[in-house]
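Printed here is entry_37.txt (compact mmCIF, C-alpha atoms):
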# COMPACT_ATOMS: atom_id res chain seq x y z
CA MET D 1 2.00 24.16 -11.37
CA THR D 2 1.01 23.15 -14.90
CA PHE D 3 -1.89 21.23 -16.33
CA ASP D 4 -3.70 20.77 -19.61
CA SER D 5 -6.02 23.79 -19.87
CA ALA D 6 -7.85 22.13 -22.78
CA ASN D 7 -9.68 20.04 -20.22
CA ALA D 8 -11.25 23.23 -18.86
CA SER D 9 -13.72 23.29 -21.76
CA LYS D 10 -15.37 20.08 -20.52
CA SER D 11 -18.86 20.36 -19.06
CA LEU D 12 -17.72 19.66 -15.49
CA SER D 13 -14.41 20.67 -13.95
CA VAL D 14 -13.49 19.14 -10.60
CA VAL D 15 -10.41 20.11 -8.61
CA LEU D 16 -9.38 17.79 -5.77
CA ALA D 17 -6.90 19.00 -3.15
CA GLY D 18 -4.94 16.98 -0.65
CA GLY D 19 -1.71 15.19 -0.11
CA GLY D 20 1.42 14.71 1.89
CA THR D 21 0.73 11.10 2.87
CA ALA D 22 -0.99 8.09 1.35
CA GLY D 23 -3.71 8.60 3.96
CA HIS D 24 -4.76 11.72 2.08
CA VAL D 25 -3.89 10.70 -1.47
CA SER D 26 -5.64 7.30 -1.48
CA PRO D 27 -9.15 8.63 -0.71
CA LEU D 28 -8.59 11.51 -3.12
CA LEU D 29 -7.89 9.08 -5.94
CA ALA D 30 -10.85 6.88 -4.99
CA ILE D 31 -13.14 9.93 -5.13
CA ALA D 32 -11.69 10.93 -8.49
CA ASP D 33 -12.35 7.45 -9.91
CA ALA D 34 -15.95 7.49 -8.65
CA ILE D 35 -16.59 10.93 -10.17
CA ARG D 36 -15.20 9.72 -13.48
CA ASP D 37 -17.51 6.69 -13.34
CA LYS D 38 -20.54 8.93 -12.93
CA ARG D 39 -19.37 11.72 -15.23
CA PRO D 40 -16.89 10.31 -17.76
CA GLU D 41 -16.59 13.68 -19.49
CA ALA D 42 -15.46 15.50 -16.33
CA ALA D 43 -12.12 17.28 -16.27
CA ILE D 44 -10.36 16.23 -13.07
CA LEU D 45 -7.31 17.95 -11.64
CA ALA D 46 -5.52 17.09 -8.39
CA VAL D 47 -3.61 19.70 -6.42
CA GLY D 48 -0.86 18.95 -3.92
CA THR D 49 2.56 20.17 -2.87
CA PRO D 50 5.90 19.42 -4.55
CA SER D 51 7.15 17.29 -1.66
CA GLY D 52 4.22 14.95 -0.92
CA MET D 53 3.50 11.40 -2.02
CA GLU D 54 0.97 12.81 -4.47
CA THR D 55 3.82 13.68 -6.86
CA ARG D 56 4.22 9.96 -7.49
CA LEU D 57 0.79 8.49 -6.77
CA VAL D 58 -1.43 10.92 -8.69
CA PRO D 59 0.32 10.67 -12.09
CA ALA D 60 0.61 6.89 -11.62
CA ALA D 61 -3.19 6.78 -11.28
CA GLY D 62 -3.61 8.66 -14.55
CA TYR D 63 -4.57 12.09 -13.23
CA GLU D 64 -2.96 15.47 -13.74
CA LEU D 65 -1.33 17.15 -10.76
CA ALA D 66 -0.78 20.83 -10.08
CA THR D 67 1.24 21.97 -7.08
CA ILE D 68 1.33 24.93 -4.75
CA ASP D 69 3.81 25.85 -2.06
CA ARG D 70 3.65 23.91 1.19
CA VAL D 71 2.61 26.18 4.06
CA PRO D 72 3.07 24.58 7.49
CA PHE D 73 1.20 26.06 10.43
CA PRO D 74 3.65 26.31 13.38
CA ARG D 75 2.07 25.48 16.74
CA ARG D 76 4.64 27.52 18.69
CA PRO D 77 6.29 30.93 18.26
CA SER D 78 9.08 30.64 15.72
CA ALA D 79 10.58 32.24 12.63
CA ASP D 80 8.16 30.17 10.55
CA LEU D 81 5.24 31.73 12.41
CA VAL D 82 6.47 35.22 11.50
CA LYS D 83 6.67 34.16 7.85
CA LEU D 84 3.24 32.51 7.85
CA PRO D 85 1.09 35.44 6.59
CA ALA D 86 3.27 36.04 3.53
CA ARG D 87 3.60 32.34 2.76
CA LEU D 88 -0.12 31.74 3.09
CA SER D 89 -0.96 34.75 0.95
CA GLY D 90 1.36 33.49 -1.78
CA ALA D 91 -0.12 30.00 -1.67
CA VAL D 92 -3.66 31.40 -1.86
CA ARG D 93 -2.67 33.33 -5.00
CA GLN D 94 -1.31 30.13 -6.53
CA ALA D 95 -4.50 28.28 -5.56
CA ARG D 96 -6.70 30.98 -7.06
CA ARG D 97 -4.78 30.83 -10.34
CA ILE D 98 -5.29 27.07 -10.56
CA LEU D 99 -9.01 27.32 -9.84
CA GLU D 100 -9.47 30.11 -12.38
CA GLU D 101 -7.44 28.49 -15.14
CA SER D 102 -9.16 25.14 -14.70
CA ARG D 103 -12.57 26.86 -14.55
CA ALA D 104 -13.35 24.78 -11.52
CA ASP D 105 -17.01 24.04 -10.83
CA VAL D 106 -16.22 22.52 -7.44
CA LEU D 107 -13.29 22.02 -5.07
CA VAL D 108 -12.98 18.75 -3.16
CA GLY D 109 -10.57 18.75 -0.21
CA VAL D 110 -9.36 15.75 1.78
CA GLY D 111 -6.92 17.48 4.14
CA GLY D 112 -3.24 18.24 4.31
CA TYR D 113 -1.17 21.41 3.98
CA VAL D 114 -2.44 22.16 0.49
CA CYS D 115 -6.09 22.42 1.52
CA THR D 116 -6.15 25.60 3.60
CA PRO D 117 -5.02 27.91 0.76
CA MET D 118 -7.26 26.04 -1.67
CA TYR D 119 -10.29 26.50 0.60
CA LEU D 120 -9.55 30.20 1.06
CA ALA D 121 -9.16 30.73 -2.68
CA ALA D 122 -12.35 28.82 -3.50
CA ARG D 123 -14.28 30.85 -0.96
CA LYS D 124 -13.10 34.11 -2.57
CA LEU D 125 -14.13 32.80 -5.98
CA ARG D 126 -17.46 31.47 -4.61
CA ILE D 127 -16.69 27.98 -5.85
CA PRO D 128 -18.55 25.22 -3.94
CA ILE D 129 -16.37 23.33 -1.48
CA VAL D 130 -16.78 19.64 -0.61
CA ILE D 131 -14.74 18.23 2.28
CA HIS D 132 -13.83 14.71 3.35
CA GLU D 133 -12.21 14.20 6.76
CA ALA D 134 -10.49 10.85 7.22
CA ASN D 135 -9.62 10.93 10.92
CA MET D 136 -11.78 10.77 14.01
CA LYS D 137 -10.06 13.99 15.14
CA ALA D 138 -10.39 16.49 12.31
CA GLY D 139 -7.28 18.23 11.01
CA LEU D 140 -6.79 21.99 11.05
CA ALA D 141 -7.29 22.48 7.31
CA ASN D 142 -10.65 20.73 7.27
CA ARG D 143 -11.78 22.52 10.42
CA VAL D 144 -11.14 25.77 8.56
CA GLY D 145 -12.76 24.55 5.34
CA ALA D 146 -15.88 23.32 7.10
CA ARG D 147 -16.70 26.92 7.96
CA PHE D 148 -17.12 27.62 4.24
CA SER D 149 -18.97 24.49 3.15
CA ASN D 150 -22.37 22.87 3.42
CA HIS D 151 -21.01 19.62 2.01
CA VAL D 152 -18.82 18.03 4.68
CA ALA D 153 -18.30 14.26 4.94
CA VAL D 154 -16.44 12.13 7.48
CA ALA D 155 -15.04 8.61 7.57
CA PHE D 156 -16.02 8.04 11.22
CA ALA D 157 -19.41 8.73 12.71
CA GLY D 158 -17.91 10.32 15.82
CA THR D 159 -15.88 12.97 14.00
CA ARG D 160 -16.93 16.43 15.07
CA LEU D 161 -17.18 18.80 12.11
CA ARG D 162 -19.88 21.33 11.38
CA GLY D 163 -22.72 19.77 9.36
CA ALA D 164 -20.82 16.53 8.76
CA ARG D 165 -22.36 13.51 7.06
CA HIS D 166 -21.03 10.04 7.79
CA VAL D 167 -20.05 8.47 4.47
CA GLY D 168 -17.09 6.24 5.36
CA MET D 169 -13.62 6.14 3.82
CA PRO D 170 -13.24 6.14 0.01
CA MET D 171 -10.92 3.29 -0.93
CA ARG D 172 -9.59 1.43 -3.94
CA ARG D 173 -12.03 -0.92 -5.64
CA ALA D 174 -9.64 -3.85 -5.23
CA ILE D 175 -10.23 -3.50 -1.49
CA SER D 176 -13.84 -2.33 -1.33
CA GLN D 177 -14.94 -5.20 -3.58
CA LEU D 178 -12.81 -7.84 -1.85
CA HIS D 179 -14.42 -11.05 -0.58
CA ARG D 180 -11.85 -12.53 1.80
CA THR D 181 -13.09 -16.12 1.82
CA VAL D 182 -12.98 -16.36 -1.96
CA ALA D 183 -9.69 -14.51 -2.34
CA ALA D 184 -7.79 -16.10 0.56
CA PRO D 185 -6.23 -19.13 -1.21
CA ALA D 186 -4.76 -17.11 -4.07
CA ALA D 187 -3.69 -14.32 -1.72
CA LYS D 188 -1.83 -16.69 0.59
CA ALA D 189 -0.10 -18.28 -2.38
CA ALA D 190 0.90 -14.86 -3.73
CA LEU D 191 2.40 -13.90 -0.37
CA GLY D 192 4.23 -17.19 0.10
CA LEU D 193 2.04 -18.38 2.97
CA ASP D 194 0.93 -21.92 3.85
CA ALA D 195 -2.79 -22.30 3.23
CA HIS D 196 -3.14 -24.66 6.21
CA ARG D 197 -1.50 -22.63 9.01
CA PRO D 198 -2.91 -19.59 10.87
CA ALA D 199 -1.42 -16.46 9.34
CA LEU D 200 -0.36 -13.38 11.27
CA ILE D 201 0.51 -10.44 9.05
CA VAL D 202 2.32 -7.55 10.68
CA THR D 203 2.80 -4.05 9.28
CA GLY D 204 3.86 -0.72 10.71
CA GLY D 205 2.89 1.18 7.58
CA SER D 206 5.02 2.27 4.63
CA SER D 207 7.75 3.66 6.92
CA GLY D 208 7.69 0.74 9.34
CA ALA D 209 7.45 0.71 13.12
CA LEU D 210 10.56 -0.20 15.09
CA SER D 211 8.70 -1.04 18.31
CA ILE D 212 6.40 -3.47 16.49
CA ASN D 213 9.33 -5.03 14.66
CA ARG D 214 11.20 -5.66 17.93
CA ALA D 215 8.22 -7.20 19.72
CA ILE D 216 7.35 -9.52 16.85
CA THR D 217 10.86 -10.81 16.30
CA ALA D 218 11.26 -11.54 20.03
CA ALA D 219 8.00 -13.54 19.98
CA LEU D 220 8.82 -15.65 16.92
CA PRO D 221 9.71 -18.84 18.85
CA ALA D 222 6.36 -18.75 20.69
CA LEU D 223 4.45 -18.06 17.47
CA ALA D 224 6.15 -20.95 15.67
CA ALA D 225 5.52 -23.28 18.62
CA ALA D 226 1.81 -22.45 18.38
CA GLY D 227 1.79 -23.33 14.67
CA VAL D 228 1.41 -19.71 13.56
CA GLN D 229 3.13 -18.41 10.43
CA THR D 230 4.15 -14.75 10.33
CA LEU D 231 4.50 -12.44 7.35
CA HIS D 232 6.36 -9.38 8.59
CA ILE D 233 6.09 -6.24 6.44
CA THR D 234 8.96 -4.35 8.03
CA GLY D 235 8.82 -1.07 6.11
CA VAL D 236 11.21 0.21 3.46
CA GLY D 237 14.76 0.21 4.78
CA LYS D 238 13.65 -1.45 8.04
CA ALA D 239 14.65 -5.06 7.31
CA VAL D 240 15.18 -7.10 10.49
CA LYS D 241 18.66 -8.59 10.65
CA ASN D 242 20.54 -11.20 12.68
CA ASP D 243 23.55 -10.36 14.82
CA ASP D 244 25.76 -11.29 11.87
CA GLY D 245 24.05 -8.74 9.62
CA GLY D 246 22.03 -11.18 7.55
CA LEU D 247 18.25 -11.12 7.23
CA LEU D 248 16.50 -12.68 10.20
CA ALA D 249 15.14 -16.14 9.45
CA ALA D 250 12.98 -18.36 11.65
CA ASP D 251 10.48 -21.20 11.43
CA GLY D 252 7.26 -20.00 9.83
CA TYR D 253 8.62 -16.47 9.43
CA ARG D 254 8.97 -14.42 6.28
CA GLN D 255 9.83 -10.76 6.03
CA VAL D 256 9.39 -8.29 3.19
CA GLU D 257 9.91 -4.54 3.21
CA TYR D 258 6.79 -3.71 1.23
CA VAL D 259 3.69 -5.34 -0.27
CA ASP D 260 2.18 -3.83 -3.40
CA GLY D 261 -1.55 -4.41 -3.01
CA MET D 262 -2.96 -4.52 0.51
CA GLU D 263 -5.96 -6.47 -0.77
CA ASN D 264 -3.80 -9.61 -0.71
CA VAL D 265 -2.77 -8.86 2.87
CA TYR D 266 -6.38 -8.42 3.99
CA ALA D 267 -7.45 -11.61 2.24
CA ALA D 268 -4.57 -13.74 3.55
CA ALA D 269 -4.40 -12.55 7.16
CA ASP D 270 -6.17 -14.48 9.89
CA VAL D 271 -5.10 -11.56 12.08
CA LEU D 272 -3.57 -8.25 11.04
CA LEU D 273 -1.36 -6.44 13.54
CA ALA D 274 -0.93 -2.84 12.47
CA ARG D 275 -0.92 0.85 13.29
CA ALA D 276 -4.36 2.49 13.44
CA GLY D 277 -4.23 4.95 10.58
CA ALA D 278 -7.66 6.01 9.38
CA GLY D 279 -7.29 4.19 6.07
CA THR D 280 -6.18 0.93 7.67
CA VAL D 281 -8.99 0.98 10.26
CA SER D 282 -11.61 1.73 7.60
CA GLU D 283 -10.34 -0.89 5.16
CA VAL D 284 -10.11 -3.56 7.86
CA ALA D 285 -13.74 -2.89 8.80
CA ALA D 286 -14.97 -2.83 5.22
CA VAL D 287 -13.62 -6.29 4.42
CA GLY D 288 -13.91 -7.85 7.90
CA VAL D 289 -10.31 -8.53 8.93
CA PRO D 290 -9.73 -9.41 12.61
CA ALA D 291 -7.14 -6.87 13.70
CA VAL D 292 -4.91 -5.89 16.58
CA PHE D 293 -4.17 -2.18 16.48
CA VAL D 294 -1.08 -0.58 18.00
CA PRO D 295 -1.75 3.17 17.74
CA LEU D 296 1.14 5.47 16.96
CA PRO D 297 2.30 6.80 20.34
CA ILE D 298 3.16 10.28 19.06
CA GLY D 299 0.97 13.05 17.66
CA ASN D 300 -2.46 14.06 18.90
CA GLY D 301 -3.76 10.59 19.75
CA GLU D 302 -5.87 10.37 16.60
CA GLN D 303 -4.94 6.75 15.85
CA ALA D 304 -6.36 5.45 19.13
CA LEU D 305 -9.52 7.45 18.45
CA ASN D 306 -9.76 6.00 14.93
CA ALA D 307 -9.68 2.42 16.22
CA ALA D 308 -11.86 2.88 19.31
CA PRO D 309 -15.31 2.27 17.73
CA LEU D 310 -14.18 -0.94 16.03
CA VAL D 311 -12.58 -2.18 19.25
CA ALA D 312 -15.70 -1.32 21.25
CA ALA D 313 -17.82 -3.32 18.79
CA GLY D 314 -15.64 -6.40 19.24
CA GLY D 315 -14.21 -6.34 15.73
CA ALA D 316 -10.65 -5.58 16.80
CA MET D 317 -8.26 -5.43 19.74
CA MET D 318 -6.01 -2.52 20.72
CA VAL D 319 -2.79 -2.41 22.70
CA ASP D 320 -0.70 0.64 23.59
CA ASP D 321 2.69 0.82 21.91
CA LYS D 322 4.42 0.77 25.32
CA ASP D 323 2.54 -2.41 26.28
CA LEU D 324 3.31 -4.35 23.11
CA SER D 325 5.79 -6.96 24.27
CA PRO D 326 6.65 -10.59 23.59
CA GLU D 327 4.77 -11.46 26.78
CA TRP D 328 1.63 -9.68 25.57
CA LEU D 329 1.84 -11.41 22.22
CA ARG D 330 2.14 -14.80 23.91
CA SER D 331 -0.73 -14.23 26.35
CA GLU D 332 -3.17 -12.32 24.10
CA LEU D 333 -2.36 -12.68 20.42
CA ILE D 334 -1.50 -16.36 20.15
CA PRO D 335 -4.74 -17.51 21.83
CA LEU D 336 -6.65 -15.30 19.39
CA LEU D 337 -4.85 -16.70 16.34
CA THR D 338 -5.64 -20.28 17.34
CA ASP D 339 -9.35 -19.68 18.09
CA SER D 340 -11.23 -19.89 14.78
CA SER D 341 -14.62 -19.30 16.40
CA ARG D 342 -13.45 -16.06 17.98
CA LEU D 343 -11.82 -14.94 14.72
CA ASN D 344 -15.05 -15.54 12.79
CA ASP D 345 -16.99 -13.54 15.37
CA MET D 346 -14.53 -10.64 15.13
CA ALA D 347 -14.73 -10.71 11.34
CA ARG D 348 -18.53 -10.47 11.41
CA LYS D 349 -18.51 -7.63 13.92
CA SER D 350 -15.84 -5.77 11.97
CA GLU D 351 -17.64 -6.03 8.64
CA ALA D 352 -20.89 -4.90 10.25
CA LEU D 353 -19.28 -1.49 10.87
CA GLY D 354 -17.56 -1.27 7.49
CA ILE D 355 -18.63 0.89 4.56
CA ARG D 356 -17.67 -0.27 1.07
CA ASN D 357 -19.24 2.44 -1.11
CA ALA D 358 -17.85 5.64 0.41
CA ASP D 359 -16.30 6.62 -2.93
CA GLN D 360 -19.74 6.57 -4.57
CA ARG D 361 -21.25 8.52 -1.70
CA MET D 362 -18.59 11.18 -2.08
CA ALA D 363 -19.11 11.42 -5.82
CA ASP D 364 -22.83 11.94 -5.20
CA LEU D 365 -22.01 14.67 -2.68
CA VAL D 366 -19.75 16.42 -5.21
CA LEU D 367 -22.46 16.36 -7.87
CA GLU D 368 -24.99 17.60 -5.32
CA ALA D 369 -22.75 20.58 -4.53
CA VAL D 370 -22.37 21.42 -8.20
CA SER D 371 -26.12 21.28 -8.85
CA GLU D 372 -27.07 23.72 -6.09

Any chance you could give the structure as structure tokens?
Amino acid sequence: MTFDSANASKSLSVVLAGGGTAGHVSPLLAIADAIRDKRPEAAILAVGTPSGMETRLVPAAGYELATIDRVPFPRRPSADLVKLPARLSGAVRQARRILEESRADVLVGVGGYVCTPMYLAARKLRIPIVIHEANMKAGLANRVGARFSNHVAVAFAGTRLRGARHVGMPMRRAISQLHRTVAAPAAKAALGLDAHRPALIVTGGSSGALSINRAITAALPALAAAGVQTLHITGVGKAVKNDDGGLLAADGYRQVEYVDGMENVYAAADVLLARAGAGTVSEVAAVGVPAVFVPLPIGNGEQALNAAPLVAAGGAMMVDDKDLSPEWLRSELIPLLTDSSRLNDMARKSEALGIRNADQRMADLVLEAVSE
């Protein structure tokens, strides 16, 4: 829980809280970059927990990171529930110390375990709070924080939070400024794809998705017969293997565990088949990628809610995880991949719902909160 207190003497001190997953850290970093563009002199500090992805992503982006203890909120009676008051009180004390030592002018929260104690500490110190909610169904931390803030923003217009403004999803400039038609040839070359064949790119996210992997590999003969090439991003440690233990190989098929730079994926894909995380849905819409979403079948159903508006507008398709099968891929996905007119129509409808400047909108909201 250390940071350079010399930065506290700058004219504006912004603390951004959030983490756990890339879905929280990516918009946090995009907001930080946009604030720095508008106020280069600003001192910016990110706050997360010691176990989240922020411990790697925030320093890599050039920002300082402070940490507080992770305080999960048990949904059922348990020993953790009994310990909750003491744990939360301790985390709030840590949060208050960070806000005081950084002389924070404003707290920006994007959700995750770290945000509830940060919101409570900021409220006690009467520091303005700005909130960004990424999912259609708001998380607990941001539902709490919205009670203390007049500056609440959401990625999806249908998200229900008190006083929310629809700003979109802050994202990296390499994505928000992407023009697919211009970038496609270089992107396909970088990913080892044939420029003259329809390209299906499949991803289950950074941790992979076993059900998606199984369905795609079973459908490879049909995809190849239709002239479709497939880039399969399996997830780290989720490589698809043959019966003899070697990496699966097939006509027009290439697998990688991870791609560094989703902008190349979005530019190269004629169709993206993916989970429906808030970041993926928002990025797909912003740049106009025809997509087939397979929402995560566990949790509170937020992924299906995230994708629903884009699907309703005709910019994407959605299939339940239990219904994703080789037969579905043959009857629904292959006809889509080989219909350029339909793909162009989906791309236009997708991009019509996309928002490319959410990072700038959030920076404006932060500066508005500070000025009041």

| message | Between atom CA of D:Val110 and atom CA of D:Ala141, what distance in Å does the model show, to one decimal? | response | 9.0 Å

| task | Take atom CA of D:Ser89 and atom CA of D:Arg70 and report the distance between them in Å, one decimal. | result |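 About the pair atom CA of D:Ser89 and atom CA of D:Arg70: they are 11.8 Å apart.
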
| Using all atoms listed in the file: which of D:Ala164, D:Met262, D:Ala226, D:Leu343 has the shortest distance to D:Ser176 | D:Met262

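Between D:Gln360 and the residues D:Val152, D:Met169, D:Ile212, D:Val287, the shortest atom-to-atom distance, using all atoms listed in the file, involves D:Met169.
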
| note | Between atom CA of D:Arg180 and atom CA of D:Ala215 lies a distance of 27.4 Å

| message | Which residues are near D:Ile201? Cut-off 8 Å, all atoms listed in the file, ignore same chain within fewer than 6 positions. Put them as a count of residues only. | response | 10

Can you report as lines of an AutoDock Vina configuration file the centre and edge lengths in Å, to one decimal, of an axis-aligned box around the listed atoms of stretch 140-150 of chain D padded with 4 Å on each side?
center_x = -14.6
center_y = 24.2
center_z = 7.1
size_x = 23.6
size_y = 14.9
size_z = 15.9

Determine, for each residue of stretch 176-219 of chain D having at least one atom at most 12 Å from an atom of stretch 274-286 of chain D, the closest pair of atoms and their separation in Å to one decimal, counting only C-alpha atoms; order by chain and ascending number, as a Markdown table.
| residue | atom | partner | partner_atom | distance |
| --- | --- | --- | --- | --- |
| D:Ser176 | CA | D:Ala286 | CA | 6.7 |
| D:Gln177 | CA | D:Ala286 | CA | 9.1 |
| D:Leu178 | CA | D:Ala286 | CA | 8.9 |
| D:His179 | CA | D:Ala286 | CA | 10.1 |
| D:Arg180 | CA | D:Ala286 | CA | 10.7 |
| D:Leu200 | CA | D:Ala274 | CA | 10.6 |
| D:Ile201 | CA | D:Ala274 | CA | 8.5 |
| D:Val202 | CA | D:Ala274 | CA | 6.0 |
| D:Thr203 | CA | D:Ala274 | CA | 5.1 |
| D:Gly204 | CA | D:Ala274 | CA | 5.5 |
| D:Gly205 | CA | D:Arg275 | CA | 6.9 |
| D:Ser206 | CA | D:Arg275 | CA | 10.6 |
| D:Ser207 | CA | D:Arg275 | CA | 11.1 |
| D:Gly208 | CA | D:Arg275 | CA | 9.5 |
| D:Ala209 | CA | D:Arg275 | CA | 8.4 |
| D:Leu210 | CA | D:Arg275 | CA | 11.7 |
| D:Ser211 | CA | D:Arg275 | CA | 11.0 |
| D:Ile212 | CA | D:Ala274 | CA | 8.4 |
| D:Asn213 | CA | D:Ala274 | CA | 10.7 |
| D:Ile216 | CA | D:Ala274 | CA | 11.5 |

| query | Counting only C-alpha atoms, which of D:Leu310, D:Ala86, D:Leu365, D:Ala187 gets nearest to D:Ala347? | reply |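 Going through D:Leu310, D:Ala86, D:Leu365, D:Ala187 one by one, the smallest distance to D:Ala347 is for D:Leu310.
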
Non-local contacts of D:Lys349 (8 Å; only C-alpha atoms; under 4 positions in same chain excluded) as a short mmCIF file (atom, residue, chain, number, x, y, z; two decimals) with C-alpha atoms, in the frame of the given file:
data_model
loop_
_atom_site.label_atom_id
_atom_site.label_comp_id
_atom_site.auth_asym_id
_atom_site.auth_seq_id
_atom_site.Cartn_x
_atom_site.Cartn_y
_atom_site.Cartn_z
CA GLY D 288 -13.91 -7.85 7.90
CA ALA D 313 -17.82 -3.32 18.79
CA GLY D 314 -15.64 -6.40 19.24
CA GLY D 315 -14.21 -6.34 15.73
CA ASP D 345 -16.99 -13.54 15.37
CA LEU D 353 -19.28 -1.49 10.87
#

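Proximity to D:Leu191 was assessed for D:Ala218, D:Ala268, D:Thr116, D:Gly245 counting all atoms listed in the file; the smallest distance is recorded for D:Ala268.
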
| request: Kindly indicate which residue among D:Thr159, D:Thr217, D:Ser350, D:Thr55 lies nearest to D:Thr21, using all atoms listed in the file for the distances. | output: D:Thr55

| Exercise: D:Val47 partners within 7 Å, only C-alpha atoms, chain neighbours under 4 positions left out, as JSON, numbers by chain | {"D": [16, 17, 18, 65, 66, 67]}

| When distances are computed from all atoms listed in the file, which of D:Glu263, D:Glu372, D:Glu41, D:Asp321 shows the smallest separation from D:Arg172? |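 Checking each of D:Glu263, D:Glu372, D:Glu41, D:Asp321 against D:Arg172, counting all atoms listed in the file, the winner is D:Glu263.
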
| field | Residues near stretch 120-133 of chain D, cut-off 8 Å, only C-alpha atoms, skip fewer than 5 positions along chain, as number ranges by chain | value | D: 92-93, 95-96, 99, 104-111, 138-139, 142, 145-146, 148-155, 365-366, 369-370

Create the file for the chosen residues now, containing C-alpha atoms and written as a PDB file, in the frame of the given file.
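After the write, part-v9.pdb holds the following:
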ATOM      1  CA  VAL D  92      -3.660  31.400  -1.860  1.00  0.00           C
ATOM      2  CA  ARG D  93      -2.670  33.330  -5.000  1.00  0.00           C
ATOM      3  CA  ALA D  95      -4.500  28.280  -5.560  1.00  0.00           C
ATOM      4  CA  ARG D  96      -6.700  30.980  -7.060  1.00  0.00           C
ATOM      5  CA  LEU D  99      -9.010  27.320  -9.840  1.00  0.00           C
ATOM      6  CA  ALA D 104     -13.350  24.780 -11.520  1.00  0.00           C
ATOM      7  CA  ASP D 105     -17.010  24.040 -10.830  1.00  0.00           C
ATOM      8  CA  VAL D 106     -16.220  22.520  -7.440  1.00  0.00           C
ATOM      9  CA  LEU D 107     -13.290  22.020  -5.070  1.00  0.00           C
ATOM     10  CA  VAL D 108     -12.980  18.750  -3.160  1.00  0.00           C
ATOM     11  CA  GLY D 109     -10.570  18.750  -0.210  1.00  0.00           C
ATOM     12  CA  VAL D 110      -9.360  15.750   1.780  1.00  0.00           C
ATOM     13  CA  GLY D 111      -6.920  17.480   4.140  1.00  0.00           C
ATOM     14  CA  ALA D 138     -10.390  16.490  12.310  1.00  0.00           C
ATOM     15  CA  GLY D 139      -7.280  18.230  11.010  1.00  0.00           C
ATOM     16  CA  ASN D 142     -10.650  20.730   7.270  1.00  0.00           C
ATOM     17  CA  GLY D 145     -12.760  24.550   5.340  1.00  0.00           C
ATOM     18  CA  ALA D 146     -15.880  23.320   7.100  1.00  0.00           C
ATOM     19  CA  PHE D 148     -17.120  27.620   4.240  1.00  0.00           C
ATOM     20  CA  SER D 149     -18.970  24.490   3.150  1.00  0.00           C
ATOM     21  CA  ASN D 150     -22.370  22.870   3.420  1.00  0.00           C
ATOM     22  CA  HIS D 151     -21.010  19.620   2.010  1.00  0.00           C
ATOM     23  CA  VAL D 152     -18.820  18.030   4.680  1.00  0.00           C
ATOM     24  CA  ALA D 153     -18.300  14.260   4.940  1.00  0.00           C
ATOM     25  CA  VAL D 154     -16.440  12.130   7.480  1.00  0.00           C
ATOM     26  CA  ALA D 155     -15.040   8.610   7.570  1.00  0.00           C
ATOM     27  CA  LEU D 365     -22.010  14.670  -2.680  1.00  0.00           C
ATOM     28  CA  VAL D 366     -19.750  16.420  -5.210  1.00  0.00           C
ATOM     29  CA  ALA D 369     -22.750  20.580  -4.530  1.00  0.00           C
ATOM     30  CA  VAL D 370     -22.370  21.420  -8.200  1.00  0.00           C
TER      31      VAL D 370
END

| task | Extract, using only C-alpha atoms, all DNA, RNA and protein residues at most 6 Å from D:Val15, discarding same-chain residues fewer than 2 positions from it, and format them as a PyMOL selection string. | result | chain D and resi 44-46+107

Rebuild N, CA and C atoms on stretch 15-24 of chain D, as a CSV table (one decimal), in the frame of the given file?
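Output saved as out04.csv:
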chain,number,residue,atom,x,y,z
D,15,VAL,N,-11.8,20.0,-9.2
D,15,VAL,CA,-10.4,20.1,-8.6
D,15,VAL,C,-10.4,19.4,-7.2
D,16,LEU,N,-9.5,18.5,-7.0
D,16,LEU,CA,-9.4,17.8,-5.8
D,16,LEU,C,-8.1,18.2,-5.1
D,17,ALA,N,-8.1,18.6,-3.9
D,17,ALA,CA,-6.9,19.0,-3.2
D,17,ALA,C,-6.6,18.1,-2.0
D,18,GLY,N,-5.3,17.8,-1.8
D,18,GLY,CA,-4.9,17.0,-0.6
D,18,GLY,C,-3.6,16.3,-0.9
D,19,GLY,N,-3.0,15.9,0.1
D,19,GLY,CA,-1.7,15.2,-0.1
D,19,GLY,C,-0.8,15.2,1.1
D,20,GLY,N,0.4,14.8,0.8
D,20,GLY,CA,1.4,14.7,1.9
D,20,GLY,C,1.7,13.3,2.2
D,21,THR,N,0.6,12.5,2.5
D,21,THR,CA,0.7,11.1,2.9
D,21,THR,C,-0.3,10.3,2.1
D,22,ALA,N,-0.1,9.0,2.0
D,22,ALA,CA,-1.0,8.1,1.4
D,22,ALA,C,-2.4,8.2,2.0
D,23,GLY,N,-2.4,8.5,3.3
D,23,GLY,CA,-3.7,8.6,4.0
D,23,GLY,C,-4.6,9.7,3.4
D,24,HIS,N,-4.0,10.7,2.8
D,24,HIS,CA,-4.8,11.7,2.1
D,24,HIS,C,-4.9,11.4,0.6
